[in-house]
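Report on the following structure.
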Amino acid sequence: MSTSTNPVLPAHHFDDLQQQHEAAQLGMWVFLITEIMFFGGLFAAYTVYRSSYHQAFGAASRHLDITLGTFNTVVLIGSSLTMALAVHAAQRGRRRAIIGFLIATILLGAVFLGVKAFEYTHKFHEHLVPGHGFQFPDAALARPAELYFGLYFAMTGMHALHMIIGIGILLVMIRLAARGRFSAEHYSPIEVTGLYWHFVDIVWIFLFPLLYLIERHQ
Amino acid sequence: MNQPGHIVPLRVYFTIFGALMVFTALTVWVAYHDLGNFNIVAAMTIAVAKATLVVLYFMHVRYASRLIWVVVSAGLVWLVILLSLTMSDYLTRFAAV
């Protein structure tokens, strides 16, 4: 049989497809909660230091480019839309549409990372990378501003790493979809990949206002 | 049983995307207005609203089983514990100085 590479559905340890599908979702959610706690630690560190060095964090955040940040927010939410459309296509068993939307998701993710790389380069040129060469215009705020940029690179860096991993997973999904491994009955891998991708989007939804938008009115 | 999951109409996805775009514009717009301490409140309220839309619709939690609801809620409760206990310490620690 040509379909012999496809898994038998449902797998023998599940009662039915519904249960198998839910088990996959549940497993991904448990993993995402460990991710919430991981990023939660970074957000807690940010909150503590921002409450201590309110003025310096405001001054440092004005060195970020709000236009690029807004552009990237739109791009990333757009990639979540194409990801959701890929899951929708998978539920309908439309192989070509799955692959098309997954490629669109990867391209939007790549645009986001490209802009991020451009921003990082700019920070290096402005000596705003924490460490030996760090320079801040207002010398009195230099130390806590360095702390801000430490958190900026840690948080956006971990976020970007999650996106790079996500793009890797999407490439695997495209390969599996091209081999006809998914159907309207079996699309849990696409759905679960979507959960991960949307989670990374949510992290950015919080990073954007906290890093780019604080104290803009001054 | 052919279809293991709930199929969300495409219209819902585009509506949610539109709402997320509106919220993004709103959060940038409000950041340029001096609301004092309410700037951060406004920014976080909008971010929570956006995240809620993504979780409920893009991540299908609105259509998921009770078990998924409980697990997602438990995760948020633990995050609130992490942030609130940390801040209850840091915001009161230096009060006597």
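We label chains A, B, ... in the order they appear in the structure tokens, count residues from 1 in each chain, and number ligands from 1 in the order shown.
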So which residues touch Ile164 in chain A within 12 Å, counting only C-alpha atoms, skipping near sequence neighbours fewer than 6 positions away, as a compact mmCIF listing (two decimals) with C-alpha atoms, in the first residue's frame?
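Produced file result.txt, reproduced below:
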```txt
# COMPACT_ATOMS: atom_id res chain seq x y z
CA ILE A 106 8.62 31.12 7.48
CA LEU A 107 9.10 34.13 5.19
CA GLY A 109 9.47 34.99 10.47
CA ALA A 110 12.62 35.56 8.40
CA VAL A 111 11.65 39.22 7.80
CA PHE A 112 11.23 39.65 11.57
CA LEU A 113 14.66 38.13 12.26
CA GLY A 114 16.24 40.24 9.50
CA GLY A 157 17.71 37.11 21.97
CA MET A 158 15.83 34.23 23.63
CA LEU A 170 8.12 24.56 10.18
CA LEU A 171 10.64 23.25 7.61
CA TRP A 197 4.43 29.63 16.96
CA VAL A 200 6.33 32.98 20.53
```
Mind running chain B against chain A at 6 Å and telling me each contacting residue's nearest atom pair with the distance in Å (one decimal), counting only C-alpha atoms, chain and number ascending, as a Markdown table?
```
| residue | atom | partner | partner_atom | distance |
| --- | --- | --- | --- | --- |
| B:Asn2 | CA | A:Glu185 | CA | 5.7 |
| B:Gln3 | CA | A:Glu185 | CA | 5.5 |
| B:Pro4 | CA | A:Gln18 | CA | 4.6 |
| B:Ala31 | CA | A:Leu213 | CA | 5.8 |
| B:Tyr32 | CA | A:His217 | CA | 4.3 |
| B:His33 | CA | A:His217 | CA | 5.3 |
| B:Asp34 | CA | A:His217 | CA | 5.4 |
| B:Ala47 | CA | A:Phe206 | CA | 5.8 |
| B:Ala51 | CA | A:Ile202 | CA | 5.6 |
| B:Phe58 | CA | A:Ala84 | CA | 5.9 |
| B:Met59 | CA | A:Leu195 | CA | 5.6 |
| B:Gly75 | CA | A:Ile33 | CA | 5.4 |
| B:Leu83 | CA | A:Ala44 | CA | 5.7 |
```
Deliver the residues from the most recent selection as a file, using N, CA and C atoms, as an mmCIF file, in the first residue's frame.
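And here is the file that came out, part.cif:
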```
data_model
loop_
_atom_site.group_PDB
_atom_site.id
_atom_site.type_symbol
_atom_site.label_atom_id
_atom_site.label_comp_id
_atom_site.auth_asym_id
_atom_site.auth_seq_id
_atom_site.Cartn_x
_atom_site.Cartn_y
_atom_site.Cartn_z
ATOM 1 N N ASN B 2 -14.605 11.626 11.907
ATOM 2 C CA ASN B 2 -13.551 11.893 10.939
ATOM 3 C C ASN B 2 -12.718 13.101 11.319
ATOM 4 N N GLN B 3 -13.341 14.054 12.011
ATOM 5 C CA GLN B 3 -12.692 15.334 12.230
ATOM 6 C C GLN B 3 -12.424 15.531 13.719
ATOM 7 N N PRO B 4 -11.165 15.373 14.135
ATOM 8 C CA PRO B 4 -10.887 15.391 15.569
ATOM 9 C C PRO B 4 -10.943 16.773 16.213
ATOM 10 N N ALA B 31 1.161 55.366 23.800
ATOM 11 C CA ALA B 31 2.493 55.505 24.407
ATOM 12 C C ALA B 31 3.017 56.937 24.297
ATOM 13 N N TYR B 32 2.512 57.701 23.308
ATOM 14 C CA TYR B 32 2.993 59.067 23.116
ATOM 15 C C TYR B 32 2.222 60.086 23.962
ATOM 16 N N HIS B 33 1.256 59.609 24.724
ATOM 17 C CA HIS B 33 0.490 60.508 25.587
ATOM 18 C C HIS B 33 0.891 60.284 27.039
ATOM 19 N N ASP B 34 1.087 61.390 27.756
ATOM 20 C CA ASP B 34 1.526 61.293 29.146
ATOM 21 C C ASP B 34 0.338 61.009 30.056
ATOM 22 N N ALA B 47 -1.780 44.667 25.948
ATOM 23 C CA ALA B 47 -1.010 43.449 25.672
ATOM 24 C C ALA B 47 -1.766 42.208 26.144
ATOM 25 N N ALA B 51 -2.980 39.147 23.843
ATOM 26 C CA ALA B 51 -2.578 37.763 24.152
ATOM 27 C C ALA B 51 -3.810 36.880 24.333
ATOM 28 N N PHE B 58 -6.537 31.952 17.889
ATOM 29 C CA PHE B 58 -5.471 31.339 17.098
ATOM 30 C C PHE B 58 -5.038 29.999 17.714
ATOM 31 N N MET B 59 -5.036 29.924 19.050
ATOM 32 C CA MET B 59 -4.599 28.690 19.714
ATOM 33 C C MET B 59 -5.787 27.794 20.090
ATOM 34 N N GLY B 75 -1.240 27.454 34.393
ATOM 35 C CA GLY B 75 0.011 28.099 33.990
ATOM 36 C C GLY B 75 -0.005 29.587 34.285
ATOM 37 N N LEU B 83 5.322 36.539 39.609
ATOM 38 C CA LEU B 83 5.481 37.995 39.520
ATOM 39 C C LEU B 83 5.030 38.693 40.802
#
```
Point to revise | Shortest interatomic distance to Gly58 in chain A - which of B:Ile40, B:Val77, B:Val48, B:Val28, counting only C-alpha atoms | key: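 When distances to Gly58 in chain A are compared using only C-alpha atoms, the smallest one comes from B:Ile40.
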Practice item. Name the residues in contact with range 142-147 of chain A at a cut-off of 6 Å, using only C-alpha atoms, excluding same-chain residues fewer than 5 positions from it; report them as a list in words. Key: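 Contacts, with the query itself left out: Ala56, Ala60, Pro130 and Phe136 of chain A.
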Practice item. Would you please work out which residue, of A:Val75, A:Ala11, A:Ala160, A:Leu141, is nearest to Met21 in chain B when using only C-alpha atoms? Key: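 Of A:Val75, A:Ala11, A:Ala160, A:Leu141, the one nearest Met21 in chain B, counting only C-alpha atoms, is A:Val75.
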**Study point:** Residue contacts of Arg96 in chain A (10 Å, only C-alpha atoms) excluding same-chain residues fewer than 3 positions away, as JSON, numbers by chain
**Key:** {"A": [86, 89, 90, 93, 99, 100, 101, 102, 174, 177, 178, 180]}
Residues from last step as file, C-alpha atoms, as a tab-separated table (two decimals), in the first residue's frame:
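Contents of the output file part39.tsv:
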```tsv
chain	number	residue	atom	x	y	z
A	86	ALA	CA	-2.06	26.56	7.66
A	89	ALA	CA	-5.90	24.08	5.57
A	90	ALA	CA	-4.65	20.98	7.42
A	93	GLY	CA	-6.85	18.14	4.20
A	99	ILE	CA	2.66	24.07	2.37
A	100	GLY	CA	1.89	27.53	0.98
A	101	PHE	CA	0.84	28.96	4.34
A	102	LEU	CA	3.78	27.35	6.16
A	174	ILE	CA	6.64	21.30	5.11
A	177	ALA	CA	3.23	17.70	4.34
A	178	ALA	CA	4.93	17.30	0.95
A	180	GLY	CA	1.45	13.45	2.27
```
Review point. Counting only C-alpha atoms, which of A:Ile103, A:Ile190, A:Leu211, A:Val8 gets nearest to Ala24 in chain A?
Key: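 Using only C-alpha atoms, the shortest distance to Ala24 in chain A belongs to A:Ile190.
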Exercise for review: Could you tell me how far CA of Val41 in chain B lies from CA of Thr15 in chain B, in Å and to one decimal?
Suggested key: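 According to the coordinates, CA of Val41 in chain B and CA of Thr15 in chain B are separated by 25.3 Å.
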Practice item. From the DSSP assignment of the backbone, select every residue of chain B that is helix (DSSP H, G or I), and format the answer as JSON, numbers by chain. Key: {"B": [10, 11, 12, 13, 14, 15, 16, 17, 18, 19, 20, 21, 22, 23, 24, 25, 26, 27, 28, 29, 30, 31, 38, 39, 40, 41, 42, 43, 44, 45, 46, 47, 48, 49, 50, 51, 52, 53, 54, 55, 56, 57, 58, 61, 62, 63, 66, 67, 68, 69, 70, 71, 72, 73, 74, 75, 76, 77, 78, 79, 80, 81, 82, 83, 84, 85, 86, 87, 88, 89, 90, 91, 92, 93]}
Could you take the residues named above and write them with C-alpha atoms, as a PDB file, in the first residue's frame?
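File result36.pdb, as written:
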```
ATOM      1  CA  LEU B  10     -11.840  31.752   8.230  1.00  0.00           C
ATOM      2  CA  ARG B  11     -13.803  34.919   8.917  1.00  0.00           C
ATOM      3  CA  VAL B  12     -12.945  34.568  12.634  1.00  0.00           C
ATOM      4  CA  TYR B  13      -9.193  34.422  11.919  1.00  0.00           C
ATOM      5  CA  PHE B  14      -9.289  37.569   9.784  1.00  0.00           C
ATOM      6  CA  THR B  15     -11.427  39.400  12.356  1.00  0.00           C
ATOM      7  CA  ILE B  16      -8.978  38.515  15.149  1.00  0.00           C
ATOM      8  CA  PHE B  17      -6.042  39.607  12.974  1.00  0.00           C
ATOM      9  CA  GLY B  18      -7.805  42.941  12.362  1.00  0.00           C
ATOM     10  CA  ALA B  19      -8.437  43.387  16.085  1.00  0.00           C
ATOM     11  CA  LEU B  20      -4.764  42.653  16.835  1.00  0.00           C
ATOM     12  CA  MET B  21      -3.710  45.303  14.286  1.00  0.00           C
ATOM     13  CA  VAL B  22      -6.058  47.853  15.861  1.00  0.00           C
ATOM     14  CA  PHE B  23      -4.677  47.070  19.338  1.00  0.00           C
ATOM     15  CA  THR B  24      -1.098  47.418  18.031  1.00  0.00           C
ATOM     16  CA  ALA B  25      -1.881  50.865  16.603  1.00  0.00           C
ATOM     17  CA  LEU B  26      -3.646  51.804  19.848  1.00  0.00           C
ATOM     18  CA  THR B  27      -0.729  50.801  22.078  1.00  0.00           C
ATOM     19  CA  VAL B  28       1.751  52.847  19.980  1.00  0.00           C
ATOM     20  CA  TRP B  29      -0.624  55.822  19.932  1.00  0.00           C
ATOM     21  CA  VAL B  30      -1.257  55.777  23.670  1.00  0.00           C
ATOM     22  CA  ALA B  31       2.493  55.505  24.407  1.00  0.00           C
ATOM     23  CA  PHE B  38      -1.302  54.778  33.741  1.00  0.00           C
ATOM     24  CA  ASN B  39       0.968  54.494  30.679  1.00  0.00           C
ATOM     25  CA  ILE B  40       2.192  51.106  31.876  1.00  0.00           C
ATOM     26  CA  VAL B  41      -1.338  50.104  32.921  1.00  0.00           C
ATOM     27  CA  ALA B  42      -2.675  50.966  29.441  1.00  0.00           C
ATOM     28  CA  ALA B  43       0.222  49.181  27.684  1.00  0.00           C
ATOM     29  CA  MET B  44      -0.200  46.007  29.761  1.00  0.00           C
ATOM     30  CA  THR B  45      -3.991  46.008  29.471  1.00  0.00           C
ATOM     31  CA  ILE B  46      -3.714  46.149  25.670  1.00  0.00           C
ATOM     32  CA  ALA B  47      -1.010  43.449  25.672  1.00  0.00           C
ATOM     33  CA  VAL B  48      -3.153  41.150  27.841  1.00  0.00           C
ATOM     34  CA  ALA B  49      -6.135  41.759  25.541  1.00  0.00           C
ATOM     35  CA  LYS B  50      -4.016  40.867  22.475  1.00  0.00           C
ATOM     36  CA  ALA B  51      -2.578  37.763  24.152  1.00  0.00           C
ATOM     37  CA  THR B  52      -6.079  36.658  25.191  1.00  0.00           C
ATOM     38  CA  LEU B  53      -7.326  36.920  21.591  1.00  0.00           C
ATOM     39  CA  VAL B  54      -4.351  34.867  20.348  1.00  0.00           C
ATOM     40  CA  VAL B  55      -4.841  32.185  23.024  1.00  0.00           C
ATOM     41  CA  LEU B  56      -8.609  31.895  22.593  1.00  0.00           C
ATOM     42  CA  TYR B  57      -8.836  31.980  18.793  1.00  0.00           C
ATOM     43  CA  PHE B  58      -5.471  31.339  17.098  1.00  0.00           C
ATOM     44  CA  VAL B  61      -8.510  27.335  23.553  1.00  0.00           C
ATOM     45  CA  ARG B  62     -12.039  28.741  23.233  1.00  0.00           C
ATOM     46  CA  TYR B  63     -13.002  25.502  21.507  1.00  0.00           C
ATOM     47  CA  ARG B  66     -12.059  21.596  29.970  1.00  0.00           C
ATOM     48  CA  LEU B  67      -8.783  19.799  30.638  1.00  0.00           C
ATOM     49  CA  ILE B  68      -6.921  22.222  28.334  1.00  0.00           C
ATOM     50  CA  TRP B  69      -8.684  25.165  30.004  1.00  0.00           C
ATOM     51  CA  VAL B  70      -7.539  23.964  33.442  1.00  0.00           C
ATOM     52  CA  VAL B  71      -3.936  23.475  32.306  1.00  0.00           C
ATOM     53  CA  VAL B  72      -3.730  26.883  30.601  1.00  0.00           C
ATOM     54  CA  SER B  73      -5.321  28.621  33.604  1.00  0.00           C
ATOM     55  CA  ALA B  74      -2.960  26.838  35.997  1.00  0.00           C
ATOM     56  CA  GLY B  75       0.011  28.099  33.990  1.00  0.00           C
ATOM     57  CA  LEU B  76      -1.243  31.692  34.243  1.00  0.00           C
ATOM     58  CA  VAL B  77      -1.858  31.318  37.996  1.00  0.00           C
ATOM     59  CA  TRP B  78       1.739  30.187  38.509  1.00  0.00           C
ATOM     60  CA  LEU B  79       3.008  33.119  36.429  1.00  0.00           C
ATOM     61  CA  VAL B  80       0.982  35.516  38.590  1.00  0.00           C
ATOM     62  CA  ILE B  81       2.449  33.892  41.725  1.00  0.00           C
ATOM     63  CA  LEU B  82       5.971  34.301  40.312  1.00  0.00           C
ATOM     64  CA  LEU B  83       5.481  37.995  39.520  1.00  0.00           C
ATOM     65  CA  SER B  84       3.355  39.003  42.512  1.00  0.00           C
ATOM     66  CA  LEU B  85       5.478  37.356  45.213  1.00  0.00           C
ATOM     67  CA  THR B  86       8.676  38.712  43.634  1.00  0.00           C
ATOM     68  CA  MET B  87       7.288  42.230  43.519  1.00  0.00           C
ATOM     69  CA  SER B  88       5.692  42.071  46.960  1.00  0.00           C
ATOM     70  CA  ASP B  89       9.224  41.475  48.196  1.00  0.00           C
ATOM     71  CA  TYR B  90      11.069  44.079  46.098  1.00  0.00           C
ATOM     72  CA  LEU B  91       8.484  46.835  46.491  1.00  0.00           C
ATOM     73  CA  THR B  92       8.468  46.577  50.306  1.00  0.00           C
ATOM     74  CA  ARG B  93      12.047  45.563  51.029  1.00  0.00           C
TER      75      ARG B  93
END
```
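The coordinates place CA of Thr193 in chain A at 7.2 Å from CA of Ile169 in chain A.
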